[in-house]
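Undergrad: Here's a structure for you.
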Amino acid sequence: MQFETLQKAMVEAMKARDKERKDSIAVLVSAAKKIAIDAGCRENIPEEMVDQAILGELKSVKEQIDTCPADRTDLKDGYEKRYAVFQEFAPKMMSEEEIKALLMEKYADLIASKNKGMIMKSVMGELKGKADGKLINQVVADLTK
């Protein structure tokens, strides 16, 4: 996701007077800026950093939804709306079939060794931010049985 795209979406939400959407996008913009500043690049924020920020915020709001008390429907509704906005900007994740195909193509020799730790160590660097870690772990477990 381009940082400029996020900023334009925030401006559009402001013009539409959609406060909830604007606030949600502002969280993503802020998180992306923070990651970029921590990495030492204030200008021209790379897409990888923006995606990393979006995925981090997506995970955070998902945890808020999961831990929200059932009787606090007002809070839960707000979290779910924010989650929906974050989903719009989140990078597309690889499916189980795509992960399995990539593993069989590039890491067939490692999979043959049945060493799950080595496979995960090798694969996670390449798939970080492209696929869900739990799904990768499940696929690797299925392949090493």
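FYI, nothing fancy with the structure tokens labels: chains A, B, ... in order, residues from 1 per chain, ligands from 1 as they appear.
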Which residues come within 7 Å of A:Thr144, counting only C-alpha atoms, excluding same-chain residues fewer than 6 positions away, as JSON, numbers by chain?
TA: {"A": [111, 114, 116]}
Undergrad: Fewer than 6 positions away in the same chain doesn't count, so skip those; otherwise give me all residues within 9 Å of A:Leu55, counting only C-alpha atoms, as a list in words.
TA: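 Once the adjacent positions are removed, what remains is Phe86, Ala90, Pro91 and Gly129 of chain A.
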Undergrad: Could you write those residues out with C-alpha atoms, as a JSON list (two decimals), in the first residue's frame?
TA:
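Once written, out.json looks like this:
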[["chain", "number", "residue", "atom", "x", "y", "z"],
["A", 86, "PHE", "CA", -8.29, -1.63, 8.22],
["A", 90, "ALA", "CA", -4.55, -4.53, 4.31],
["A", 91, "PRO", "CA", -2.32, -6.31, 1.81],
["A", 129, "GLY", "CA", 3.74, -9.85, 5.69]]
Undergrad: What gap, in Å, lies between atom CA of A:Lys15 and atom CA of A:Val27?
TA: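 One can read the atom CA of A:Lys15 to atom CA of A:Val27 distance as 17.5 Å.
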Undergrad: I want to know what sits within 12 Å of A:Ile54, based on only C-alpha atoms, with residues of the same chain fewer than 2 positions away left out; could you give that as a PDB file with C-alpha atoms, in the first residue's frame?
TA:
ATOM      1  CA  MET A   1       0.000   0.000   0.000  1.00  0.00           C
ATOM      2  CA  GLN A   2       1.340   3.375  -0.979  1.00  0.00           C
ATOM      3  CA  PHE A   3       1.562   5.868   1.884  1.00  0.00           C
ATOM      4  CA  LEU A   6      -3.589   6.208   2.717  1.00  0.00           C
ATOM      5  CA  SER A  24      -9.394   4.763  11.596  1.00  0.00           C
ATOM      6  CA  ILE A  25      -7.279   5.782   8.621  1.00  0.00           C
ATOM      7  CA  ALA A  26      -5.463   8.332  10.794  1.00  0.00           C
ATOM      8  CA  VAL A  27      -4.400   5.465  13.073  1.00  0.00           C
ATOM      9  CA  LEU A  28      -2.867   3.689  10.054  1.00  0.00           C
ATOM     10  CA  VAL A  29      -1.123   6.858   8.850  1.00  0.00           C
ATOM     11  CA  SER A  30       0.270   7.486  12.317  1.00  0.00           C
ATOM     12  CA  ALA A  31       1.485   3.889  12.697  1.00  0.00           C
ATOM     13  CA  ALA A  32       3.180   3.994   9.291  1.00  0.00           C
ATOM     14  CA  LYS A  33       4.898   7.300  10.134  1.00  0.00           C
ATOM     15  CA  LYS A  34       6.095   5.905  13.466  1.00  0.00           C
ATOM     16  CA  ILE A  35       7.616   2.812  11.848  1.00  0.00           C
ATOM     17  CA  GLU A  47       5.251   0.149   0.860  1.00  0.00           C
ATOM     18  CA  GLU A  48       6.674  -2.623   3.071  1.00  0.00           C
ATOM     19  CA  MET A  49       6.639  -0.310   6.091  1.00  0.00           C
ATOM     20  CA  VAL A  50       3.084   0.818   5.384  1.00  0.00           C
ATOM     21  CA  ASP A  51       1.954  -2.811   5.026  1.00  0.00           C
ATOM     22  CA  GLN A  52       3.762  -3.703   8.245  1.00  0.00           C
ATOM     23  CA  GLY A  56       0.171  -4.547  13.121  1.00  0.00           C
ATOM     24  CA  GLU A  57      -2.872  -2.350  13.654  1.00  0.00           C
ATOM     25  CA  LEU A  58      -5.140  -5.031  12.173  1.00  0.00           C
ATOM     26  CA  LYS A  59      -3.789  -7.567  14.650  1.00  0.00           C
ATOM     27  CA  SER A  60      -4.178  -5.104  17.510  1.00  0.00           C
ATOM     28  CA  VAL A  61      -7.834  -4.285  16.764  1.00  0.00           C
ATOM     29  CA  ARG A  82     -12.328   0.051  12.658  1.00  0.00           C
ATOM     30  CA  TYR A  83     -11.382  -3.538  11.724  1.00  0.00           C
ATOM     31  CA  VAL A  85     -11.699  -0.070   7.518  1.00  0.00           C
ATOM     32  CA  PHE A  86      -8.288  -1.630   8.222  1.00  0.00           C
ATOM     33  CA  GLN A  87      -9.255  -4.658   6.100  1.00  0.00           C
ATOM     34  CA  GLU A  88      -9.785  -2.356   3.093  1.00  0.00           C
ATOM     35  CA  PHE A  89      -6.159  -1.267   3.206  1.00  0.00           C
ATOM     36  CA  ALA A  90      -4.549  -4.533   4.314  1.00  0.00           C
ATOM     37  CA  PRO A  91      -2.317  -6.313   1.809  1.00  0.00           C
ATOM     38  CA  LYS A  92      -3.777  -9.466   0.283  1.00  0.00           C
ATOM     39  CA  GLY A 129       3.736  -9.847   5.686  1.00  0.00           C
TER      40      GLY A 129
END
